[in-house]
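Text of the file start29.txt, holding compact mmCIF, C-alpha atoms and all ligand atoms:
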# COMPACT_ATOMS: atom_id res chain seq x y z
CA MET A 1 -166.15 -47.30 -27.03
CA THR A 2 -165.11 -50.16 -29.34
CA GLU A 3 -164.44 -47.45 -31.96
CA PHE A 4 -162.01 -45.80 -29.55
CA ARG A 5 -160.39 -49.14 -28.71
CA LYS A 6 -159.62 -49.65 -32.39
CA SER A 7 -158.32 -46.11 -33.06
CA ARG A 8 -154.63 -45.34 -32.81
CA TRP A 9 -155.36 -42.94 -29.92
CA PHE A 10 -156.10 -46.00 -27.76
CA ALA A 11 -152.34 -46.50 -27.37
CA LEU A 12 -152.35 -43.30 -25.26
CA VAL A 13 -154.29 -45.16 -22.53
CA TRP A 14 -151.14 -47.05 -21.61
CA ALA A 15 -148.46 -44.83 -23.20
CA VAL A 16 -149.22 -41.73 -21.08
CA PRO A 17 -149.20 -43.53 -17.67
CA ALA A 18 -146.08 -45.47 -18.74
CA ALA A 19 -144.28 -42.21 -19.65
CA VAL A 20 -145.24 -40.67 -16.28
CA VAL A 21 -143.97 -43.74 -14.39
CA VAL A 22 -140.67 -43.77 -16.36
CA ALA A 23 -140.16 -40.01 -15.81
CA ALA A 24 -140.86 -40.34 -12.06
CA GLY A 25 -138.48 -43.33 -11.92
CA VAL A 26 -135.71 -41.30 -13.57
CA VAL A 27 -136.17 -38.42 -11.10
CA ILE A 28 -136.13 -40.76 -8.08
CA LEU A 29 -133.11 -42.69 -9.35
CA ALA A 30 -131.23 -39.44 -10.05
CA ARG A 31 -132.07 -38.20 -6.53
CA PHE A 32 -130.80 -41.48 -5.05
CA ILE A 33 -127.53 -41.30 -7.04
CA ARG A 34 -127.04 -37.63 -6.24
CA ASP A 35 -127.40 -38.25 -2.48
CA LEU A 36 -124.70 -40.97 -2.37
CA PRO A 37 -121.74 -39.52 -0.37
CA ALA A 38 -119.19 -40.45 -3.07
CA VAL A 39 -121.31 -38.71 -5.73
CA GLN A 40 -121.65 -35.62 -3.54
CA ASP A 41 -117.83 -35.39 -3.34
CA TRP A 42 -117.63 -35.88 -7.09
CA LEU A 43 -120.16 -33.08 -7.63
CA VAL A 44 -117.88 -30.73 -5.70
CA THR A 45 -115.02 -31.54 -8.13
CA TYR A 46 -117.34 -31.32 -11.16
CA PRO A 47 -120.01 -28.75 -10.34
CA GLY A 48 -121.21 -28.58 -13.96
CA HIS A 49 -118.98 -25.96 -15.54
CA SER A 50 -115.28 -25.37 -16.10
CA PRO A 51 -113.54 -22.03 -15.60
CA LEU A 52 -113.28 -20.07 -18.86
CA PRO A 53 -109.83 -19.26 -20.26
CA ALA A 54 -108.38 -15.96 -19.02
CA GLY A 55 -109.41 -13.05 -21.21
CA THR A 56 -112.86 -14.41 -22.15
CA PRO A 57 -115.17 -11.37 -22.07
CA GLU A 58 -118.15 -11.42 -19.70
CA GLY A 59 -121.69 -10.96 -20.95
CA PHE A 60 -123.34 -10.72 -24.35
CA PRO A 61 -122.26 -8.19 -27.01
CA TRP A 62 -124.99 -6.38 -29.07
CA TRP A 63 -123.96 -8.05 -32.35
CA LEU A 64 -124.60 -11.49 -30.85
CA GLY A 65 -128.26 -10.61 -30.23
CA TRP A 66 -128.72 -9.43 -33.83
CA LEU A 67 -127.00 -12.48 -35.32
CA HIS A 68 -128.94 -14.87 -33.05
CA PHE A 69 -132.19 -13.19 -34.21
CA LEU A 70 -131.24 -13.41 -37.92
CA ASN A 71 -130.30 -17.07 -37.41
CA SER A 72 -133.73 -17.81 -35.88
CA LEU A 73 -135.55 -15.92 -38.67
CA PHE A 74 -133.70 -17.70 -41.51
CA MET A 75 -133.87 -21.07 -39.71
CA LEU A 76 -137.67 -20.80 -39.44
CA LEU A 77 -138.07 -20.26 -43.20
CA ILE A 78 -135.35 -22.78 -44.12
CA VAL A 79 -137.16 -25.49 -42.15
CA ARG A 80 -140.48 -24.47 -43.74
CA THR A 81 -139.08 -24.64 -47.31
CA GLY A 82 -137.15 -27.85 -46.52
CA TRP A 83 -140.39 -29.42 -45.33
CA GLN A 84 -142.16 -28.25 -48.52
CA ILE A 85 -139.42 -29.82 -50.68
CA HIS A 86 -139.61 -33.02 -48.64
CA THR A 87 -143.38 -33.42 -48.86
CA THR A 88 -144.25 -32.08 -52.35
CA LYS A 89 -143.85 -34.23 -55.48
CA ARG A 90 -145.00 -31.79 -58.16
CA HIS A 91 -144.39 -28.10 -57.60
CA GLU A 92 -146.66 -25.36 -58.91
CA ALA A 93 -143.89 -23.10 -60.16
CA TYR A 94 -140.31 -23.30 -61.36
CA TRP A 95 -137.55 -20.73 -61.65
CA THR A 96 -135.00 -20.67 -64.48
CA ARG A 97 -132.00 -18.39 -64.07
CA ASN A 98 -131.49 -15.65 -66.66
CA ASN A 99 -128.05 -16.42 -67.99
CA SER A 100 -127.55 -12.89 -69.21
CA GLY A 101 -126.14 -9.97 -67.31
CA LEU A 102 -123.53 -10.52 -64.62
CA ILE A 103 -123.68 -14.30 -64.30
CA ARG A 104 -122.63 -15.94 -67.56
CA THR A 105 -121.79 -19.64 -67.52
CA LYS A 106 -121.20 -22.33 -70.09
CA ASN A 107 -123.44 -24.73 -68.15
CA PRO A 108 -127.14 -24.97 -69.05
CA PRO A 109 -129.26 -22.43 -67.13
CA THR A 110 -130.13 -23.54 -63.59
CA ARG A 111 -133.78 -24.58 -63.15
CA LEU A 112 -135.27 -25.05 -59.66
CA SER A 113 -138.71 -25.47 -58.12
CA LEU A 114 -139.85 -22.25 -56.43
CA PRO A 115 -139.52 -23.69 -52.87
CA LEU A 116 -135.98 -24.89 -53.65
CA TRP A 117 -135.10 -21.47 -55.10
CA PHE A 118 -136.33 -19.88 -51.84
CA HIS A 119 -134.52 -22.54 -49.73
CA LEU A 120 -131.21 -21.83 -51.48
CA SER A 121 -131.67 -18.02 -51.28
CA LEU A 122 -132.30 -18.28 -47.52
CA ASP A 123 -129.33 -20.65 -47.15
CA THR A 124 -127.07 -18.02 -48.70
CA LEU A 125 -128.22 -15.41 -46.17
CA TRP A 126 -127.99 -17.94 -43.31
CA VAL A 127 -124.42 -18.92 -44.24
CA LEU A 128 -123.43 -15.22 -44.44
CA THR A 129 -124.88 -14.69 -40.94
CA GLY A 130 -122.91 -17.72 -39.74
CA VAL A 131 -119.64 -16.51 -41.27
CA VAL A 132 -120.02 -13.08 -39.60
CA TYR A 133 -120.83 -14.86 -36.28
CA VAL A 134 -117.78 -17.14 -36.43
CA VAL A 135 -115.44 -14.26 -37.35
CA LEU A 136 -116.79 -12.08 -34.51
CA ILE A 137 -116.73 -14.76 -31.78
CA PHE A 138 -113.10 -15.56 -32.61
CA ALA A 139 -112.11 -11.89 -32.87
CA SER A 140 -113.76 -11.02 -29.52
CA GLY A 141 -112.86 -14.04 -27.36
CA HIS A 142 -116.53 -15.01 -27.01
CA TRP A 143 -115.70 -18.33 -28.76
CA ALA A 144 -114.42 -19.92 -25.51
CA ARG A 145 -118.02 -19.92 -24.17
CA ILE A 146 -119.17 -22.40 -26.82
CA VAL A 147 -115.99 -24.37 -27.63
CA PRO A 148 -114.72 -26.94 -25.08
CA THR A 149 -111.23 -26.02 -23.87
CA SER A 150 -110.57 -28.93 -21.48
CA TRP A 151 -111.57 -32.58 -21.13
CA ASP A 152 -113.45 -31.96 -17.88
CA VAL A 153 -116.31 -30.67 -20.04
CA PHE A 154 -117.51 -34.31 -20.23
CA PRO A 155 -117.73 -35.11 -16.48
CA ASN A 156 -119.17 -31.63 -16.00
CA ALA A 157 -121.82 -32.32 -18.64
CA ILE A 158 -122.75 -35.59 -16.86
CA SER A 159 -122.91 -33.60 -13.62
CA THR A 160 -125.25 -31.03 -15.20
CA GLY A 161 -127.41 -33.83 -16.68
CA LEU A 162 -127.70 -35.49 -13.24
CA GLN A 163 -128.72 -32.16 -11.69
CA TYR A 164 -131.36 -31.54 -14.38
CA ALA A 165 -132.70 -35.11 -13.84
CA THR A 166 -133.27 -34.46 -10.11
CA LEU A 167 -135.30 -31.38 -11.14
CA GLU A 168 -133.08 -29.32 -8.83
CA TRP A 169 -131.66 -27.41 -11.76
CA PRO A 170 -128.24 -25.81 -11.93
CA THR A 171 -128.62 -22.10 -11.36
CA GLU A 172 -125.43 -20.95 -13.06
CA ASN A 173 -125.46 -17.56 -14.55
CA GLY A 174 -125.27 -17.64 -18.34
CA TRP A 175 -123.91 -14.08 -18.20
CA GLU A 176 -120.60 -15.43 -16.87
CA GLY A 177 -120.57 -18.69 -18.83
CA TYR A 178 -122.75 -21.61 -19.91
CA ASN A 179 -122.94 -24.95 -18.08
CA ALA A 180 -121.07 -27.86 -19.71
CA LEU A 181 -124.19 -29.45 -21.23
CA GLN A 182 -125.24 -26.13 -22.80
CA LEU A 183 -121.70 -25.55 -24.04
CA LEU A 184 -121.53 -28.99 -25.70
CA LEU A 185 -124.95 -28.60 -27.34
CA TYR A 186 -124.13 -25.10 -28.67
CA PHE A 187 -120.80 -26.45 -29.97
CA VAL A 188 -122.47 -29.38 -31.76
CA THR A 189 -125.10 -27.07 -33.27
CA VAL A 190 -122.69 -24.44 -34.59
CA PHE A 191 -119.61 -26.49 -35.48
CA ILE A 192 -121.04 -29.91 -36.42
CA ALA A 193 -124.73 -29.72 -37.41
CA ALA A 194 -124.48 -26.47 -39.43
CA PRO A 195 -121.42 -27.60 -41.48
CA ILE A 196 -123.11 -30.96 -42.21
CA ALA A 197 -126.25 -29.13 -43.43
CA ILE A 198 -124.11 -26.87 -45.63
CA LEU A 199 -121.88 -29.60 -47.15
CA THR A 200 -124.74 -32.04 -47.84
CA GLY A 201 -126.92 -29.18 -49.15
CA ILE A 202 -124.24 -27.94 -51.55
CA ARG A 203 -123.69 -31.52 -52.71
CA MET A 204 -127.39 -31.94 -53.58
CA SER A 205 -127.73 -28.53 -55.21
CA PRO A 206 -127.62 -29.01 -58.99
CA ALA A 207 -125.75 -25.83 -59.92
CA TRP A 208 -123.36 -25.61 -57.00
CA SER A 209 -122.14 -29.21 -57.06
CA ILE A 210 -121.14 -28.74 -60.73
CA ARG A 211 -118.99 -25.77 -59.76
CA LEU A 212 -117.51 -27.19 -56.55
CA LYS A 213 -115.86 -30.26 -58.02
CA ARG A 214 -113.26 -30.30 -55.24
CA ILE A 215 -115.83 -31.13 -52.56
CA THR A 216 -117.99 -33.58 -54.51
CA PRO A 217 -115.66 -36.63 -54.37
CA TYR A 218 -115.56 -36.41 -50.55
CA VAL A 219 -119.33 -36.21 -50.06
CA PRO A 220 -121.11 -39.07 -51.88
CA ILE A 221 -124.53 -37.93 -53.10
CA ALA A 222 -126.26 -40.88 -51.37
CA TRP A 223 -124.87 -39.76 -47.98
CA ALA A 224 -125.91 -36.19 -48.67
CA ARG A 225 -129.50 -37.29 -49.42
CA ARG A 226 -129.59 -39.52 -46.32
CA LEU A 227 -128.08 -36.94 -43.91
CA HIS A 228 -129.73 -33.67 -44.90
CA PHE A 229 -133.20 -34.45 -43.51
CA PRO A 230 -132.01 -35.87 -40.12
CA VAL A 231 -129.96 -32.67 -39.66
CA MET A 232 -133.20 -30.72 -39.91
CA VAL A 233 -134.77 -33.02 -37.30
CA TYR A 234 -131.74 -32.28 -35.07
CA PHE A 235 -132.15 -28.49 -35.49
CA VAL A 236 -135.86 -28.64 -34.69
CA ALA A 237 -135.33 -30.87 -31.60
CA PHE A 238 -132.43 -28.68 -30.39
CA THR A 239 -134.53 -25.51 -30.75
CA PHE A 240 -137.45 -27.06 -28.87
CA VAL A 241 -135.31 -28.14 -25.87
CA HIS A 242 -133.33 -24.85 -26.02
CA VAL A 243 -136.44 -22.64 -25.87
CA VAL A 244 -138.08 -24.78 -23.13
CA LEU A 245 -134.91 -24.47 -21.00
CA VAL A 246 -134.61 -20.72 -21.68
CA ALA A 247 -138.18 -20.37 -20.37
CA ALA A 248 -137.75 -22.75 -17.41
CA THR A 249 -134.43 -21.45 -16.04
CA GLY A 250 -135.28 -17.77 -15.54
CA LEU A 251 -137.13 -16.49 -18.62
CA LEU A 252 -136.74 -12.72 -18.12
CA ARG A 253 -133.08 -12.87 -17.17
CA ASN A 254 -132.17 -15.20 -20.07
CA LEU A 255 -134.09 -13.09 -22.58
CA ASN A 256 -132.35 -9.97 -21.26
CA HIS A 257 -128.99 -11.63 -21.93
CA MET A 258 -129.66 -12.40 -25.57
CA TYR A 259 -132.17 -9.74 -26.57
CA ALA A 260 -131.13 -6.70 -24.50
CA ASN A 261 -127.48 -7.39 -23.52
CA ARG A 262 -128.14 -6.79 -19.83
CA ASP A 263 -128.04 -8.98 -16.73
CA ASP A 264 -131.15 -8.19 -14.70
CA VAL A 265 -134.76 -9.33 -14.41
CA SER A 266 -136.49 -6.36 -16.06
CA TRP A 267 -139.00 -6.86 -18.93
CA VAL A 268 -136.88 -5.11 -21.60
CA GLY A 269 -135.52 -8.31 -23.21
CA PHE A 270 -138.98 -9.86 -23.23
CA TRP A 271 -140.46 -6.98 -25.29
CA VAL A 272 -137.53 -7.07 -27.72
CA PHE A 273 -138.03 -10.84 -28.02
CA LEU A 274 -141.77 -10.33 -28.68
CA ALA A 275 -140.94 -7.77 -31.42
CA SER A 276 -138.56 -10.33 -32.97
CA VAL A 277 -141.34 -12.95 -32.95
CA ALA A 278 -143.65 -10.43 -34.66
CA VAL A 279 -141.05 -9.97 -37.43
CA MET A 280 -140.81 -13.76 -37.80
CA VAL A 281 -144.61 -14.12 -38.05
CA GLY A 282 -144.68 -11.26 -40.59
CA ALA A 283 -141.99 -12.97 -42.70
CA TRP A 284 -143.89 -16.28 -42.55
CA ILE A 285 -147.09 -14.59 -43.80
CA ALA A 286 -145.25 -12.54 -46.45
CA ALA A 287 -143.53 -15.60 -47.93
CA ARG A 288 -146.56 -16.45 -50.10
CA PRO A 289 -146.20 -17.72 -53.67
CA VAL A 290 -147.30 -14.36 -55.20
CA VAL A 291 -144.58 -12.50 -53.32
CA LEU A 292 -141.93 -15.17 -53.93
CA ARG A 293 -142.71 -15.25 -57.66
CA ALA A 294 -142.23 -11.50 -57.87
CA ILE A 295 -138.84 -11.64 -56.12
CA ALA A 296 -137.71 -14.74 -58.04
CA GLY A 297 -138.67 -12.95 -61.27
CA LEU A 298 -135.89 -10.41 -60.67
CA GLY A 299 -133.14 -12.96 -61.36
CA GLY A 300 -134.88 -15.48 -63.56
CA THR A 301 -138.03 -16.56 -65.31
CA VAL A 302 -140.84 -18.11 -63.29
CA SER A 303 -142.97 -20.66 -65.15
CA ARG A 304 -145.59 -23.28 -64.34
CA ARG A 305 -143.49 -26.25 -65.39
C1 LIG B 401 -126.15 -24.01 -47.07
C2 LIG B 401 -127.08 -24.74 -46.52
C3 LIG B 401 -128.05 -25.60 -47.30
C4 LIG B 401 -128.09 -25.94 -48.64
C5 LIG B 401 -127.12 -25.54 -49.73
C6 LIG B 401 -129.27 -26.78 -48.82
C7 LIG B 401 -129.65 -27.33 -50.04
C8 LIG B 401 -130.71 -28.15 -50.24
C9 LIG B 401 -131.08 -28.77 -51.50
C10 LIG B 401 -130.30 -28.62 -52.80
C11 LIG B 401 -132.20 -29.51 -51.31
C12 LIG B 401 -132.99 -30.28 -52.37
C13 LIG B 401 -132.66 -31.72 -52.36
C14 LIG B 401 -133.44 -32.44 -53.44
O1 LIG B 401 -133.54 -31.92 -54.54
O2 LIG B 401 -133.96 -33.53 -53.12
C15 LIG B 401 -132.55 -29.37 -49.91
C16 LIG B 401 -133.61 -30.01 -49.30
C17 LIG B 401 -133.90 -29.92 -47.95
N1 LIG B 401 -133.27 -29.09 -47.01
FE1 LIG B 401 -131.61 -28.01 -47.33
N2 LIG B 401 -129.91 -26.92 -47.62
C18 LIG B 401 -129.20 -26.23 -46.67
C19 LIG B 401 -129.51 -26.07 -45.35
C20 LIG B 401 -130.59 -26.68 -44.73
C21 LIG B 401 -130.92 -26.56 -43.34
C22 LIG B 401 -130.12 -25.74 -42.32
C23 LIG B 401 -132.05 -27.29 -43.13
C24 LIG B 401 -132.84 -27.50 -41.88
C25 LIG B 401 -132.54 -27.06 -40.71
C26 LIG B 401 -132.43 -27.88 -44.39
C27 LIG B 401 -133.52 -28.71 -44.60
C28 LIG B 401 -133.85 -29.32 -45.79
C29 LIG B 401 -134.89 -30.33 -45.94
C30 LIG B 401 -135.77 -30.89 -44.83
C31 LIG B 401 -134.91 -30.70 -47.28
C32 LIG B 401 -135.81 -31.77 -47.92
C33 LIG B 401 -134.98 -33.02 -47.94
C34 LIG B 401 -135.76 -34.27 -48.30
O3 LIG B 401 -136.56 -34.23 -49.23
O4 LIG B 401 -135.57 -35.29 -47.61
N3 LIG B 401 -131.52 -27.48 -45.36
N4 LIG B 401 -131.62 -28.53 -49.27
C1 LIG B 402 -136.72 -17.92 -31.10
C2 LIG B 402 -136.46 -18.74 -30.14
C3 LIG B 402 -135.15 -18.67 -29.36
C4 LIG B 402 -134.96 -18.10 -28.13
C5 LIG B 402 -136.02 -17.45 -27.23
C6 LIG B 402 -133.56 -18.26 -27.78
C7 LIG B 402 -132.96 -17.79 -26.62
C8 LIG B 402 -131.62 -17.85 -26.31
C9 LIG B 402 -131.01 -17.31 -25.11
C10 LIG B 402 -131.79 -16.57 -24.01
C11 LIG B 402 -129.69 -17.58 -25.14
C12 LIG B 402 -128.67 -17.23 -24.05
C13 LIG B 402 -128.72 -18.29 -22.99
C14 LIG B 402 -128.33 -17.83 -21.57
O1 LIG B 402 -128.30 -16.63 -21.28
O2 LIG B 402 -128.09 -18.71 -20.73
C15 LIG B 402 -129.42 -18.29 -26.39
C16 LIG B 402 -128.18 -18.72 -26.82
C17 LIG B 402 -127.97 -19.45 -27.98
N1 LIG B 402 -128.95 -19.87 -28.89
FE1 LIG B 402 -130.91 -19.41 -28.84
N2 LIG B 402 -132.92 -18.94 -28.80
C18 LIG B 402 -133.85 -19.20 -29.79
C19 LIG B 402 -133.62 -19.85 -30.99
C20 LIG B 402 -132.41 -20.42 -31.35
C21 LIG B 402 -132.18 -21.19 -32.57
C22 LIG B 402 -133.23 -21.48 -33.65
C23 LIG B 402 -130.86 -21.57 -32.55
C24 LIG B 402 -130.08 -22.38 -33.56
C25 LIG B 402 -130.57 -23.29 -34.34
C26 LIG B 402 -130.26 -21.03 -31.32
C27 LIG B 402 -128.95 -21.20 -30.95
C28 LIG B 402 -128.34 -20.62 -29.87
C29 LIG B 402 -126.89 -20.66 -29.62
C30 LIG B 402 -125.84 -21.37 -30.49
C31 LIG B 402 -126.66 -19.92 -28.44
C32 LIG B 402 -125.29 -19.61 -27.80
C33 LIG B 402 -124.77 -18.36 -28.49
C34 LIG B 402 -123.43 -17.84 -28.02
O3 LIG B 402 -123.24 -17.57 -26.83
O4 LIG B 402 -122.55 -17.62 -28.91
N3 LIG B 402 -131.23 -20.35 -30.62
N4 LIG B 402 -130.63 -18.44 -27.08
Show me, as structure tokens, the structure contained in the file I just sent.
Amino acid sequence: MTEFRKSRWFALVWAVPAAVVVAAGVVILARFIRDLPAVQDWLVTYPGHSPLPAGTPEGFPWWLGWLHFLNSLFMLLIVRTGWQIHTTKRHEAYWTRNNSGLIRTKNPPTRLSLPLWFHLSLDTLWVLTGVVYVVLIFASGHWARIVPTSWDVFPNAISTGLQYATLEWPTENGWEGYNALQLLLYFVTVFIAAPIAILTGIRMSPAWSIRLKRITPYVPIAWARRLHFPVMVYFVAFTFVHVVLVAATGLLRNLNHMYANRDDVSWVGFWVFLASVAVMVGAWIAARPVVLRAIAGLGGTVSRR
């Protein structure tokens, strides 16, 4: 028993009950605020979502499902390689670019650790996916679902937050449009977090920052180093909350939206989602050093130091 008292797990004895009490307090307070007559009137004015601009298409196009899947696949491996770079001091293998063939430069040949080589290769694919996504959402009108178009997005987001806190969750239909809190979070993820990851990443990358001299004066290297890791923490936290809410607010219907482009409660989207998870697990297992060395060997020389 004294052993347990000394271990760090002992903190759980008070931390868990304290968390339960705080959570219950938040729910009760939110209920109290929500039931005030003035707040009820306010909730009628700001129900949690704004009307979408005329011409915004309804529903989810097929390309969105594919791009969302590719984003998840690349994101999984980018986070894995980022974590490896963050936690490993001495890497087992390095990659040196062959400066023959198509890519000839005057600079010394680029030399990267194998995890960084994989990180940068995945980043290239991830950025391509993102460029195709941005072009298609603006070409199709889908953009208005994830970009705020009026200031009432803020009171509406507070309204949605209050409704979530009472545990009587908003039951909007994502097929027609997202609620204001979802919209803001998707906007921040796509148009703020992703560009910060890209700019700070390019700034830290040895070969790219030499070539992109126009960006480098605007992004000090110290900022890049300090920001890049917290952006990963943001992406991981966002994905956790996102997937919990997808599951808790009508799993089958939500999965049908994104994975089967239909608005019903059949199991189709769920099976497509499960297949996508299988591909992600397969990619995780396949990304072993032997396989990576073989692929990296195509464009450079892999060595132990
Ligand atoms: C175009 C996009 C990106 C580029 C060019 C890029 C580039 C880089 C580079 C060059 C490094 C090595 C830094 C060093 O040598 O210390 C690095 C590390 C890292 N990257 Fe990225 N990255 C990108 C996107 C991302 C994304 C989207 C995430 C996570 C969601 C991420 C997570 C990380 C992490 C966690 C590290 C380790 C940082 C540390 O040691 O603190 N990167 N990245
Ligand atoms: C593999 C786990 C994931 C699942 C099951 C999932 C599920 C979904 C679903 C069902 C929607 C539509 C929401 C609705 O109908 O109300 C959605 C939208 C979205 N998800 Fe995910 N998601 C996952 C991973 C991610 C990741 C890793 C990111 C980014 C880091 C992401 C970013 C987004 C964005 C930006 C949207 C809005 C897309 C748009 O309408 O243009 N998701 N997701």
Select from chain A every residue with an atom at most 7 Å from any atom of ligand LIG 402 (chain B), then for each give the shortest pair of atoms and their distance in Å to one decimal, using all atoms listed in the file, rows by chain and rising number, as a Markdown table.
| residue | atom | partner | partner_atom | distance |
| --- | --- | --- | --- | --- |
| A:Leu64 | CA | B:LIG402 | O4 | 6.7 |
| A:His68 | CA | B:LIG402 | N3 | 6.4 |
| A:Asn71 | CA | B:LIG402 | C22 | 6.5 |
| A:Ser72 | CA | B:LIG402 | C22 | 4.3 |
| A:Met75 | CA | B:LIG402 | C22 | 6.1 |
| A:His142 | CA | B:LIG402 | O4 | 6.8 |
| A:Trp143 | CA | B:LIG402 | O4 | 6.9 |
| A:Arg145 | CA | B:LIG402 | O3 | 6.3 |
| A:Ile146 | CA | B:LIG402 | O4 | 6.2 |
| A:Asn173 | CA | B:LIG402 | O2 | 6.8 |
| A:Gly174 | CA | B:LIG402 | O2 | 3.8 |
| A:Trp175 | CA | B:LIG402 | O1 | 5.9 |
| A:Tyr178 | CA | B:LIG402 | O2 | 6.1 |
| A:Tyr186 | CA | B:LIG402 | C30 | 4.5 |
| A:Thr189 | CA | B:LIG402 | C30 | 6.4 |
| A:Val190 | CA | B:LIG402 | C30 | 6.0 |
| A:Phe235 | CA | B:LIG402 | C25 | 5.6 |
| A:Phe238 | CA | B:LIG402 | C25 | 6.9 |
| A:Thr239 | CA | B:LIG402 | C22 | 5.1 |
| A:His242 | CA | B:LIG402 | N2 | 6.5 |
| A:Val243 | CA | B:LIG402 | C4 | 5.3 |
| A:Val246 | CA | B:LIG402 | C10 | 5.5 |
| A:Asn254 | CA | B:LIG402 | C10 | 4.2 |
| A:Leu255 | CA | B:LIG402 | C10 | 4.4 |
| A:His257 | CA | B:LIG402 | O1 | 5.1 |
| A:Met258 | CA | B:LIG402 | C10 | 4.9 |
| A:Phe273 | CA | B:LIG402 | C5 | 7.0 |
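Residues in contact with range 39-42 of chain A at up to 12 Å, not including ones fewer than 6 positions away on its chain and judged by only C-alpha atoms, are Ala30, Arg31, Phe32, Ile33, Gly48, Pro155, Asn156, Ile158, Ser159, Leu162 and Gln163 of chain A.
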Find the residues near ligand LIG 401 (chain B). Use a cut-off of 8 Å, count only C-alpha atoms and all ligand atoms, and write them as a PyMOL selection string.
chain A and resi 75+78-79+81-87+116+119-120+123-124+126-127+194+197-206+225-226+228-236
Could you check which of A:Val302, A:Val131, A:Leu181, A:Ala278 is closest to Leu245 in chain A, using all atoms listed in the file?
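Under the stated criterion, the closest residue is A:Leu181.
We find CA of Thr45 in chain A and CA of Ala23 in chain A to be spaced 27.6 Å apart.
The spacing separating CA of Lys6 in chain A from CA of Ala19 in chain A amounts to 21.3 Å.
Nearest-residue note for Val279 in chain A: choosing from A:Ala24, A:Val132, A:Leu76, A:Leu184, the minimum distance belongs to A:Leu76, counting all atoms listed in the file.
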Suppose you want the space between CA of Pro217 in chain A and CA of Pro109 in chain A; what is it in Å?
23.4 Å
Residue nearest Leu29 in chain A - candidates A:Ala237, A:Leu167, A:Val272, A:Ala54, atoms counted: all atoms listed in the file:
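Answer, going by the shortest atom-to-atom distance: A:Leu167.
Residues in contact with Tyr94 in chain A at up to 7 Å, not including ones fewer than 2 positions away on its chain and judged by only C-alpha atoms, are Thr96, Arg111, Leu112, Ser113, Leu114, Val302, Ser303, Arg304 and Arg305 of chain A.
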